[in-house]
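Written out below as structure tokens is the structure these notes cover.
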Amino acid sequence: MKISRITLAALMAVYATGAMAQEQTLNIYSARHYPTDEALYTNFTKATGIKLNRVDADDAGILARLKAEGTASPADIILLVDASRLWRGEVDGLFQPIKSKLLEDAIPAQLRGKTAADGGTPWYGFSTRARVIVYDKVKVKKEDVDTYEELGDAKNKGKLCIRSGSHPYNLSLFGSVTEHLGDAAAEQWLKGMVDNMARAPKGGDTDQIKAVASGECGIAVTNSYYLARLMRSEAPADKAVVERVGVVFPNQASWGTHMNIAGGAVAKNSKNVANAVKFLEYLASPSAQEHFANGNNEWPTAKGVKSNNPALQAMGGGSFKSETIPISVVGMNQVKVQQMLDRVGFK
Ligand code: FE
């Protein structure tokens, strides 16, 4: 009798230790690739005592891993850097909808996943980035590149540099343009871009900006933060690049510049939901927004948090018109866009 009581007590102690250990750690699957994020994580641990284990992969890799792991997945938090991937995770049921008054109040409705009838929201956007056009100030006139449509116009033949069409940043942009132009015109536009390419797609966004500065191309497409990073760099080579290129926030006279989102969700099979929600709420706080958005030269999403980022101010501040297309539409157009890309030979 006595022995079994001790055994039970010992078992309970082990259980308590295990439960506590579990409560003190969150597993994050992150597609963010920004060194400035380190402070974001350490500040959370300092404030809460909750340790963060991070697994880094790209958006597609994370979604595939979550599917493969199923109910055995140790993931608590998912951080993705593309709107249509967030949408995909939502549609595939990989996120656990959460109810948080704080997040509902902080993050505008158009920058989160679809809230269900019971009030659960699958994901929240914590920063935005614009997909802008960069051009060679020496050879290209700004008015020839101030809309996305002109990227496919014959007047820009031989000038365009752009990363792979299948990259999520481009799939999201093309999905949005398809919504605005209609399928047939969008496919013509993609074909026009292929005809205008200065070289076959290769490299990331920064490589395209540098190729404009070197004179290899006249026009490039990039996420705003890659340009901002060069603008804030002290390296002479980067300064020379920035000196040579101009930037446009496209489609100011029509639907506005395409914005993408980086956001977060609680994983479907998380066993630490309360702490996971705590982490997402932390991301909406002014100090975390500073790191999450500003650290990577993005715009914060939380209401009342302003960007005072010098590069973003120089680039256009907050004074440009951004599109307001629903994320779900961009996501739903992805498959169609990929088929168009294959048909027009956009690698
Ligand atoms: Fe990126």
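Note on naming: chains are A, B, ... as they come in the structure tokens, residues start from 1 per chain, ligands start from 1 in the order shown.
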Problem set entry | Those of stretch 18-192 of chain A in DSSP alpha helix (DSSP H), formatted as a PyMOL selection string | chain A and resi 18-23+38-48+59-69+83-91+101-106+168-181+183-192
Can those selected residues be exported to a file as a compact mmCIF listing (two decimals), in the first residue's frame so that it contains C-alpha atoms?
# COMPACT_ATOMS: atom_id res chain seq x y z
CA GLY A 18 6.94 16.71 -18.04
CA ALA A 19 3.90 18.92 -18.27
CA MET A 20 5.86 21.89 -16.97
CA ALA A 21 8.70 21.26 -19.37
CA GLN A 22 6.18 21.10 -22.18
CA GLU A 23 4.57 24.37 -21.08
CA GLU A 38 16.81 36.95 -33.23
CA ALA A 39 15.97 39.79 -30.82
CA LEU A 40 12.30 39.08 -31.40
CA TYR A 41 12.67 35.55 -30.04
CA THR A 42 15.06 36.28 -27.16
CA ASN A 43 12.86 39.14 -25.91
CA PHE A 44 9.86 36.81 -25.73
CA THR A 45 11.83 34.22 -23.76
CA LYS A 46 13.14 36.93 -21.41
CA ALA A 47 9.65 38.26 -20.77
CA THR A 48 7.85 34.92 -20.34
CA ASP A 59 6.88 28.09 -46.87
CA ALA A 60 6.27 25.05 -49.07
CA GLY A 61 8.63 22.89 -46.98
CA ILE A 62 6.81 23.80 -43.78
CA LEU A 63 3.37 23.02 -45.18
CA ALA A 64 4.61 19.69 -46.56
CA ARG A 65 6.22 18.81 -43.23
CA LEU A 66 3.05 19.61 -41.28
CA LYS A 67 1.05 17.36 -43.58
CA ALA A 68 3.56 14.53 -43.29
CA GLU A 69 3.73 14.76 -39.50
CA ALA A 83 -0.20 35.39 -48.35
CA SER A 84 -1.14 32.52 -50.62
CA ARG A 85 0.84 30.04 -48.50
CA LEU A 86 -0.99 31.28 -45.42
CA TRP A 87 -4.20 30.79 -47.36
CA ARG A 88 -3.09 27.29 -48.39
CA GLY A 89 -2.36 26.33 -44.78
CA GLU A 90 -5.79 27.62 -43.78
CA VAL A 91 -7.60 25.71 -46.54
CA LYS A 101 -9.55 39.67 -28.29
CA LEU A 102 -6.11 41.28 -28.33
CA LEU A 103 -5.32 40.07 -31.87
CA GLU A 104 -8.80 40.88 -33.13
CA ASP A 105 -8.40 44.43 -31.87
CA ALA A 106 -4.81 44.85 -33.08
CA PRO A 168 5.49 32.37 -54.09
CA TYR A 169 6.13 36.15 -54.28
CA ASN A 170 5.46 36.08 -58.03
CA LEU A 171 2.59 33.58 -57.84
CA SER A 172 0.86 35.93 -55.41
CA LEU A 173 1.48 38.99 -57.59
CA PHE A 174 0.34 37.17 -60.74
CA GLY A 175 -2.71 35.81 -58.88
CA SER A 176 -3.68 39.35 -57.99
CA VAL A 177 -3.11 40.72 -61.51
CA THR A 178 -5.19 37.82 -62.90
CA GLU A 179 -8.04 38.87 -60.64
CA HIS A 180 -7.83 42.46 -61.90
CA LEU A 181 -7.31 41.77 -65.63
CA ASP A 183 -7.69 35.19 -67.25
CA ALA A 184 -7.14 35.83 -70.96
CA ALA A 185 -5.52 39.26 -70.54
CA ALA A 186 -3.42 37.98 -67.63
CA GLU A 187 -2.03 35.13 -69.74
CA GLN A 188 -1.21 37.61 -72.54
CA TRP A 189 0.53 39.75 -69.94
CA LEU A 190 2.62 36.82 -68.69
CA LYS A 191 3.53 35.98 -72.29
CA GLY A 192 4.52 39.62 -72.81
Exercise. Among stretch 15-201 of chain A, which residues carry a DSSP assignment of strand (DSSP E), reported as a count of residues only?
Worked result: 31
Exercise. Atom CA of A:Gly70 to atom CA of A:Val329: how many Å, to one decimal?
Worked result: 26.8 Å
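In this comparison, which uses only C-alpha atoms, the residue of A:Asp82, A:Asp136, A:Glu216, A:Asp76 approaching A:Lys278 most closely is A:Asp76.
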Output as CSV one row per residue of chain A within 9 Å of ligand 1: the closest atom pair and its distance in Å to one decimal place, counting only C-alpha atoms and all ligand atoms, sorted by chain and residue number ascending.
residue,atom,partner,partner_atom_place_in_ligand_line,distance
A:Arg32,CA,ligand 1,1 (Fe),7.6
A:His33,CA,ligand 1,1 (Fe),7.0
A:Tyr34,CA,ligand 1,1 (Fe),8.2
A:Val81,CA,ligand 1,1 (Fe),7.2
A:Asp82,CA,ligand 1,1 (Fe),8.9
A:Tyr169,CA,ligand 1,1 (Fe),8.1
A:Gly204,CA,ligand 1,1 (Fe),8.3
A:Asp205,CA,ligand 1,1 (Fe),7.9
A:Asn223,CA,ligand 1,1 (Fe),7.2
A:Tyr225,CA,ligand 1,1 (Fe),8.0
A:Tyr226,CA,ligand 1,1 (Fe),7.5
Exercise. Which neighbours of stretch 293-303 of chain A fall inside 9 Å, counting only C-alpha atoms, when residues of the same chain fewer than 4 positions from it are skipped, and could you give them as a ChimeraX atom specification?
Worked result: /A:34-37,103,105-108,111,125-130,224-226,228-229,262,284-286,288-289,307-309,311-312,318
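Separating atom CA of A:Val242 from atom CA of A:Glu323 is a distance of 25.9 Å.
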Problem set entry | Shell around A:Val241 at 8 Å using only C-alpha atoms, local window under 6 positions removed, as a list in words |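 Final neighbour list, sorted by chain and number: Ile209, Lys210, Ala213, Ser214 and Leu230 of chain A.
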Take the residues just selected and output them with N, CA, C and O atoms as a PDB file, in the first residue's frame.
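Writing the result to again_31.pdb gives the following:
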ATOM      1  N   ILE A 209      17.737  43.392 -58.606  1.00  0.00           N
ATOM      2  CA  ILE A 209      18.060  44.823 -58.403  1.00  0.00           C
ATOM      3  C   ILE A 209      19.493  45.092 -58.855  1.00  0.00           C
ATOM      4  O   ILE A 209      19.782  46.065 -59.554  1.00  0.00           O
ATOM      5  N   LYS A 210      20.398  44.179 -58.455  1.00  0.00           N
ATOM      6  CA  LYS A 210      21.815  44.361 -58.806  1.00  0.00           C
ATOM      7  C   LYS A 210      22.029  44.263 -60.316  1.00  0.00           C
ATOM      8  O   LYS A 210      22.901  44.938 -60.868  1.00  0.00           O
ATOM      9  N   ALA A 213      21.325  47.569 -61.752  1.00  0.00           N
ATOM     10  CA  ALA A 213      22.432  48.501 -61.488  1.00  0.00           C
ATOM     11  C   ALA A 213      23.635  48.226 -62.374  1.00  0.00           C
ATOM     12  O   ALA A 213      24.369  49.141 -62.747  1.00  0.00           O
ATOM     13  N   SER A 214      23.841  46.958 -62.733  1.00  0.00           N
ATOM     14  CA  SER A 214      25.003  46.610 -63.558  1.00  0.00           C
ATOM     15  C   SER A 214      24.732  46.856 -65.040  1.00  0.00           C
ATOM     16  O   SER A 214      25.630  46.735 -65.871  1.00  0.00           O
ATOM     17  N   LEU A 230      19.274  47.367 -49.108  1.00  0.00           N
ATOM     18  CA  LEU A 230      20.389  47.978 -49.845  1.00  0.00           C
ATOM     19  C   LEU A 230      20.482  49.467 -49.522  1.00  0.00           C
ATOM     20  O   LEU A 230      21.579  50.017 -49.378  1.00  0.00           O
TER      21      LEU A 230
END
Exercise. Of the residues A:Ala274, A:Cys161, A:Ile219, A:Ala75, which is the one nearest to A:Asp207, using only C-alpha atoms?
Worked result: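 Answer, going by the shortest atom-to-atom distance: A:Cys161.
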Exercise. What is the atom CA of A:Leu160-atom CA of A:Val132 distance in Å, reported with one decimal?
Worked result: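 Going from atom CA of A:Leu160 over to atom CA of A:Val132, I get 13.3 Å.
The shortest atom-to-atom distance to A:Pro326, with only C-alpha atoms taken into account, belongs to A:His258 out of A:Leu79, A:Ala198, A:His258, A:Asp118.
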